[in-house]
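Listing of my_file.cif; format and content: mmCIF, C-alpha atoms, pLDDT in the B column; chains and numbers go by the auth columns.
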```
data_work
loop_
_atom_site.group_PDB
_atom_site.id
_atom_site.type_symbol
_atom_site.label_atom_id
_atom_site.label_comp_id
_atom_site.label_asym_id
_atom_site.label_seq_id
_atom_site.Cartn_x
_atom_site.Cartn_y
_atom_site.Cartn_z
_atom_site.B_iso_or_equiv
_atom_site.auth_seq_id
_atom_site.auth_asym_id
ATOM 1 C CA MET A 1 214.713 36.582 98.413 58.00 1 A
ATOM 2 C CA LYS A 2 216.945 38.899 96.464 57.00 2 A
ATOM 3 C CA ALA A 3 219.715 40.042 98.752 58.00 3 A
ATOM 4 C CA ARG A 4 221.271 43.171 97.400 56.00 4 A
ATOM 5 C CA VAL A 5 224.860 44.200 97.670 49.00 5 A
ATOM 6 C CA ASN A 6 224.849 47.576 99.303 46.00 6 A
ATOM 7 C CA SER A 7 227.681 49.819 98.165 40.00 7 A
ATOM 8 C CA ALA A 8 226.353 52.944 99.901 41.00 8 A
ATOM 9 C CA PRO A 9 228.283 53.878 103.040 40.00 9 A
ATOM 10 C CA ILE A 10 226.389 52.741 106.122 39.00 10 A
ATOM 11 C CA ALA A 11 229.081 53.521 108.674 42.00 11 A
ATOM 12 C CA SER A 12 232.795 54.090 108.460 38.00 12 A
ATOM 13 C CA SER A 13 233.567 50.874 110.364 45.00 13 A
ATOM 14 C CA VAL A 14 231.342 48.674 108.179 45.00 14 A
ATOM 15 C CA ARG A 15 232.972 46.554 105.522 46.00 15 A
ATOM 16 C CA PRO A 16 232.060 47.624 101.980 45.00 16 A
ATOM 17 C CA GLN A 17 229.855 45.511 99.704 53.00 17 A
ATOM 18 C CA MET A 18 227.687 44.033 102.448 73.00 18 A
ATOM 19 C CA ALA A 19 224.450 42.256 101.556 90.00 19 A
ATOM 20 C CA SER A 20 221.212 43.885 102.588 92.00 20 A
ATOM 21 C CA VAL A 21 217.558 42.961 102.633 94.00 21 A
ATOM 22 C CA SER A 22 214.480 45.053 103.344 95.00 22 A
ATOM 23 C CA ALA A 23 212.657 44.540 106.631 95.00 23 A
ATOM 24 C CA THR A 24 209.646 43.213 104.717 95.00 24 A
ATOM 25 C CA GLU A 25 211.769 40.681 102.834 95.00 25 A
ATOM 26 C CA ALA A 26 213.525 39.659 106.052 94.00 26 A
ATOM 27 C CA LYS A 27 210.155 39.070 107.702 95.00 27 A
ATOM 28 C CA ASN A 28 208.677 37.156 104.768 96.00 28 A
ATOM 29 C CA GLU A 29 211.772 35.059 104.063 94.00 29 A
ATOM 30 C CA PHE A 30 213.412 34.882 107.464 94.00 30 A
ATOM 31 C CA ALA A 31 214.479 31.226 107.118 94.00 31 A
ATOM 32 C CA ARG A 32 216.496 31.981 103.957 93.00 32 A
ATOM 33 C CA VAL A 33 218.013 35.142 105.430 93.00 33 A
ATOM 34 C CA LEU A 34 218.965 33.266 108.595 93.00 34 A
ATOM 35 C CA GLU A 35 220.496 30.403 106.626 93.00 35 A
ATOM 36 C CA ARG A 36 222.611 32.820 104.616 91.00 36 A
ATOM 37 C CA VAL A 37 223.861 34.437 107.827 92.00 37 A
ATOM 38 C CA ILE A 38 224.578 31.049 109.415 90.00 38 A
ATOM 39 C CA GLN A 39 226.674 30.169 106.363 89.00 39 A
ATOM 40 C CA GLY A 40 228.971 33.021 107.329 80.00 40 A
ATOM 41 C CA GLY A 41 227.351 36.134 105.983 85.00 41 A
ATOM 42 C CA VAL A 42 226.351 39.385 107.564 91.00 42 A
ATOM 43 C CA MET A 43 223.052 40.861 106.488 93.00 43 A
ATOM 44 C CA PHE A 44 221.934 44.455 106.871 95.00 44 A
ATOM 45 C CA ILE A 45 218.201 44.871 107.306 96.00 45 A
ATOM 46 C CA THR A 46 216.966 48.101 105.766 95.00 46 A
ATOM 47 C CA LYS A 47 213.867 50.190 106.160 95.00 47 A
ATOM 48 C CA HIS A 48 213.116 52.840 103.558 94.00 48 A
ATOM 49 C CA GLY A 49 216.562 52.238 102.060 91.00 49 A
ATOM 50 C CA ALA A 50 218.517 52.904 105.252 94.00 50 A
ATOM 51 C CA ALA A 51 220.258 50.212 107.311 94.00 51 A
ATOM 52 C CA LYS A 52 218.443 49.779 110.624 96.00 52 A
ATOM 53 C CA ALA A 53 219.750 46.436 111.930 95.00 53 A
ATOM 54 C CA VAL A 54 222.427 43.818 111.328 94.00 54 A
ATOM 55 C CA LEU A 55 222.017 40.068 111.450 95.00 55 A
ATOM 56 C CA MET A 56 225.311 38.212 111.992 93.00 56 A
ATOM 57 C CA PRO A 57 226.564 34.792 113.073 92.00 57 A
ATOM 58 C CA VAL A 58 226.723 34.378 116.830 90.00 58 A
ATOM 59 C CA GLU A 59 230.473 33.661 116.641 89.00 59 A
ATOM 60 C CA GLU A 60 231.081 37.094 115.128 88.00 60 A
ATOM 61 C CA TYR A 61 228.867 38.734 117.749 89.00 61 A
ATOM 62 C CA ASN A 62 230.738 36.944 120.547 87.00 62 A
ATOM 63 C CA ALA A 63 234.098 38.020 119.098 86.00 63 A
ATOM 64 C CA LEU A 64 232.942 41.637 118.963 85.00 64 A
ATOM 65 C CA SER A 65 231.627 41.437 122.528 82.00 65 A
ATOM 66 C CA ARG A 66 234.906 39.963 123.812 80.00 66 A
ATOM 67 C CA ALA A 67 236.948 42.625 122.027 76.00 67 A
ATOM 68 C CA THR A 68 234.887 45.368 123.662 75.00 68 A
ATOM 69 C CA GLN A 69 235.231 43.770 127.102 75.00 69 A
ATOM 70 C CA ILE A 70 239.001 43.350 126.702 77.00 70 A
ATOM 71 C CA GLN A 71 239.355 46.982 125.603 80.00 71 A
ATOM 72 C CA LEU A 72 237.246 48.190 128.532 81.00 72 A
ATOM 73 C CA SER A 73 239.298 46.116 131.002 81.00 73 A
ATOM 74 C CA SER A 74 242.514 47.521 129.550 83.00 74 A
ATOM 75 C CA LEU A 75 241.248 51.105 129.792 87.00 75 A
ATOM 76 C CA THR A 76 240.045 50.538 133.351 88.00 76 A
ATOM 77 C CA LYS A 77 243.477 49.252 134.365 88.00 77 A
ATOM 78 C CA GLU A 78 245.200 52.169 132.629 88.00 78 A
ATOM 79 C CA PHE A 79 242.892 54.682 134.358 91.00 79 A
ATOM 80 C CA ASP A 80 243.445 53.075 137.781 91.00 80 A
ATOM 81 C CA GLU A 81 247.231 53.197 137.316 90.00 81 A
ATOM 82 C CA MET A 82 247.093 56.848 136.229 88.00 82 A
ATOM 83 C CA LEU A 83 244.902 57.758 139.189 89.00 83 A
ATOM 84 C CA LEU A 84 247.316 56.008 141.546 88.00 84 A
ATOM 85 C CA ARG A 85 250.244 58.020 140.107 85.00 85 A
ATOM 86 C CA MET A 86 248.262 61.209 140.645 84.00 86 A
ATOM 87 C CA GLN A 87 247.737 60.448 144.342 88.00 87 A
ATOM 88 C CA THR A 88 251.394 60.834 145.370 90.00 88 A
ATOM 89 C CA PRO A 89 252.420 63.744 147.617 91.00 89 A
ATOM 90 C CA LYS A 90 254.593 65.142 144.780 90.00 90 A
ATOM 91 C CA ALA A 91 251.667 65.119 142.322 88.00 91 A
ATOM 92 C CA ARG A 92 249.360 66.633 144.928 87.00 92 A
ATOM 93 C CA ALA A 93 251.827 69.462 145.582 90.00 93 A
ATOM 94 C CA ALA A 94 252.241 70.100 141.844 87.00 94 A
ATOM 95 C CA MET A 95 248.472 70.366 141.354 87.00 95 A
ATOM 96 C CA LYS A 96 248.178 72.702 144.319 90.00 96 A
ATOM 97 C CA ALA A 97 250.923 74.903 142.855 89.00 97 A
ATOM 98 C CA ALA A 98 249.223 74.891 139.431 89.00 98 A
ATOM 99 C CA PHE A 99 245.881 75.971 140.882 92.00 99 A
ATOM 100 C CA HIS A 100 247.503 78.756 142.854 93.00 100 A
ATOM 101 C CA ALA A 101 249.808 79.966 140.055 93.00 101 A
ATOM 102 C CA SER A 102 249.430 83.406 138.542 94.00 102 A
ATOM 103 C CA PRO A 103 248.630 83.777 134.837 94.00 103 A
ATOM 104 C CA LYS A 104 252.235 84.814 134.225 94.00 104 A
ATOM 105 C CA GLN A 105 253.559 81.680 135.973 93.00 105 A
ATOM 106 C CA LEU A 106 251.152 79.492 133.986 92.00 106 A
ATOM 107 C CA GLY A 107 252.305 81.103 130.741 94.00 107 A
ATOM 108 C CA LYS A 108 255.961 80.465 131.569 93.00 108 A
ATOM 109 C CA ALA A 109 255.198 76.853 132.436 91.00 109 A
ATOM 110 C CA ALA A 110 253.273 76.354 129.163 92.00 110 A
ATOM 111 C CA VAL A 111 256.142 77.781 127.103 94.00 111 A
ATOM 112 C CA ALA A 112 258.667 75.613 128.929 93.00 112 A
ATOM 113 C CA ALA A 113 256.540 72.501 128.403 91.00 113 A
ATOM 114 C CA ALA A 114 256.096 73.270 124.697 93.00 114 A
ATOM 115 C CA ARG A 115 259.843 73.769 124.238 93.00 115 A
ATOM 116 C CA SER A 116 260.676 70.522 126.026 90.00 116 A
ATOM 117 C CA ARG A 117 258.344 68.565 123.718 86.00 117 A
ATOM 118 C CA GLY A 118 260.059 69.966 120.645 71.00 118 A
#
```

Could you spell out this file's structure in structure tokens?
Amino acid sequence: MKARVNSAPIASSVRPQMASVSATEAKNEFARVLERVIQGGVMFITKHGAAKAVLMPVEEYNALSRATQIQLSSLTKEFDEMLLRMQTPKARAAMKAAFHASPKQLGKAAVAAARSRG
């Protein structure tokens, strides 16, 4: 098995200089490819020169999965808090006023908001 170092951009979030192997080579020499990954590598599997899959150690996969779950939980909490703030009588009245405002009133409010932000 001749793992190649792929310097072509696969995706913006992928680390440069990652090893790659063709799908045929991965199939024919799976034990060697797997051993290399277990030793701590990440292997791109290509088809017709384009990366189609990634083989990585399970620890790295689990870390990526946890990071996604933590981020989703954080965003869910942030959304719930924002929604709760929007359910107050003051917020409800402000939204009602915004929906019933004339174009001139909306323009004045936009200018005032822009000026207050600097």

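For the pair atom CA of A:Ala112 and atom CA of A:Ala94, the separation is 15.4 Å.
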
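Pairwise distance (atom CA of A:Gln39, atom CA of A:Leu64) equals 18.2 Å.
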
Please write as a PyMOL selection string the full residue list that the PyMOL selection byres ((chain A and resi 45) around 6) yields on this file. chain A and resi 20-23+44+46+51-54

Let me have the centre and edge lengths of the axis-aligned box enclosing all listed atoms of stretch 102-106 of chain A with 4 Å padding on every side, in Å to one decimal, as lines of an AutoDock Vina configuration file.
```
center_x = 251.1
center_y = 82.2
center_z = 136.3
size_x = 12.9
size_y = 13.3
size_z = 12.6
```

Choose the residue, out of A:Ala63, A:Met18, A:Val58, A:Ile70, that has the smallest atom-to-atom separation from A:Leu34; count all atoms listed in the file. A:Val58

In Å, with one decimal, what is the gap from atom CA of A:Gly41 to atom CA of A:Leu72? 27.4 Å

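Closest approach to A:Pro57 among A:Leu75, A:Leu106, A:Val33, A:Ala26 is made by A:Val33 (distances from only C-alpha atoms).
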
Please list as number ranges by chain every residue within 12 Å of A:Glu35, counting all atoms listed in the file and excluding residues in the same chain fewer than 3 positions away. A: 1, 26, 29-32, 38-43, 55-57
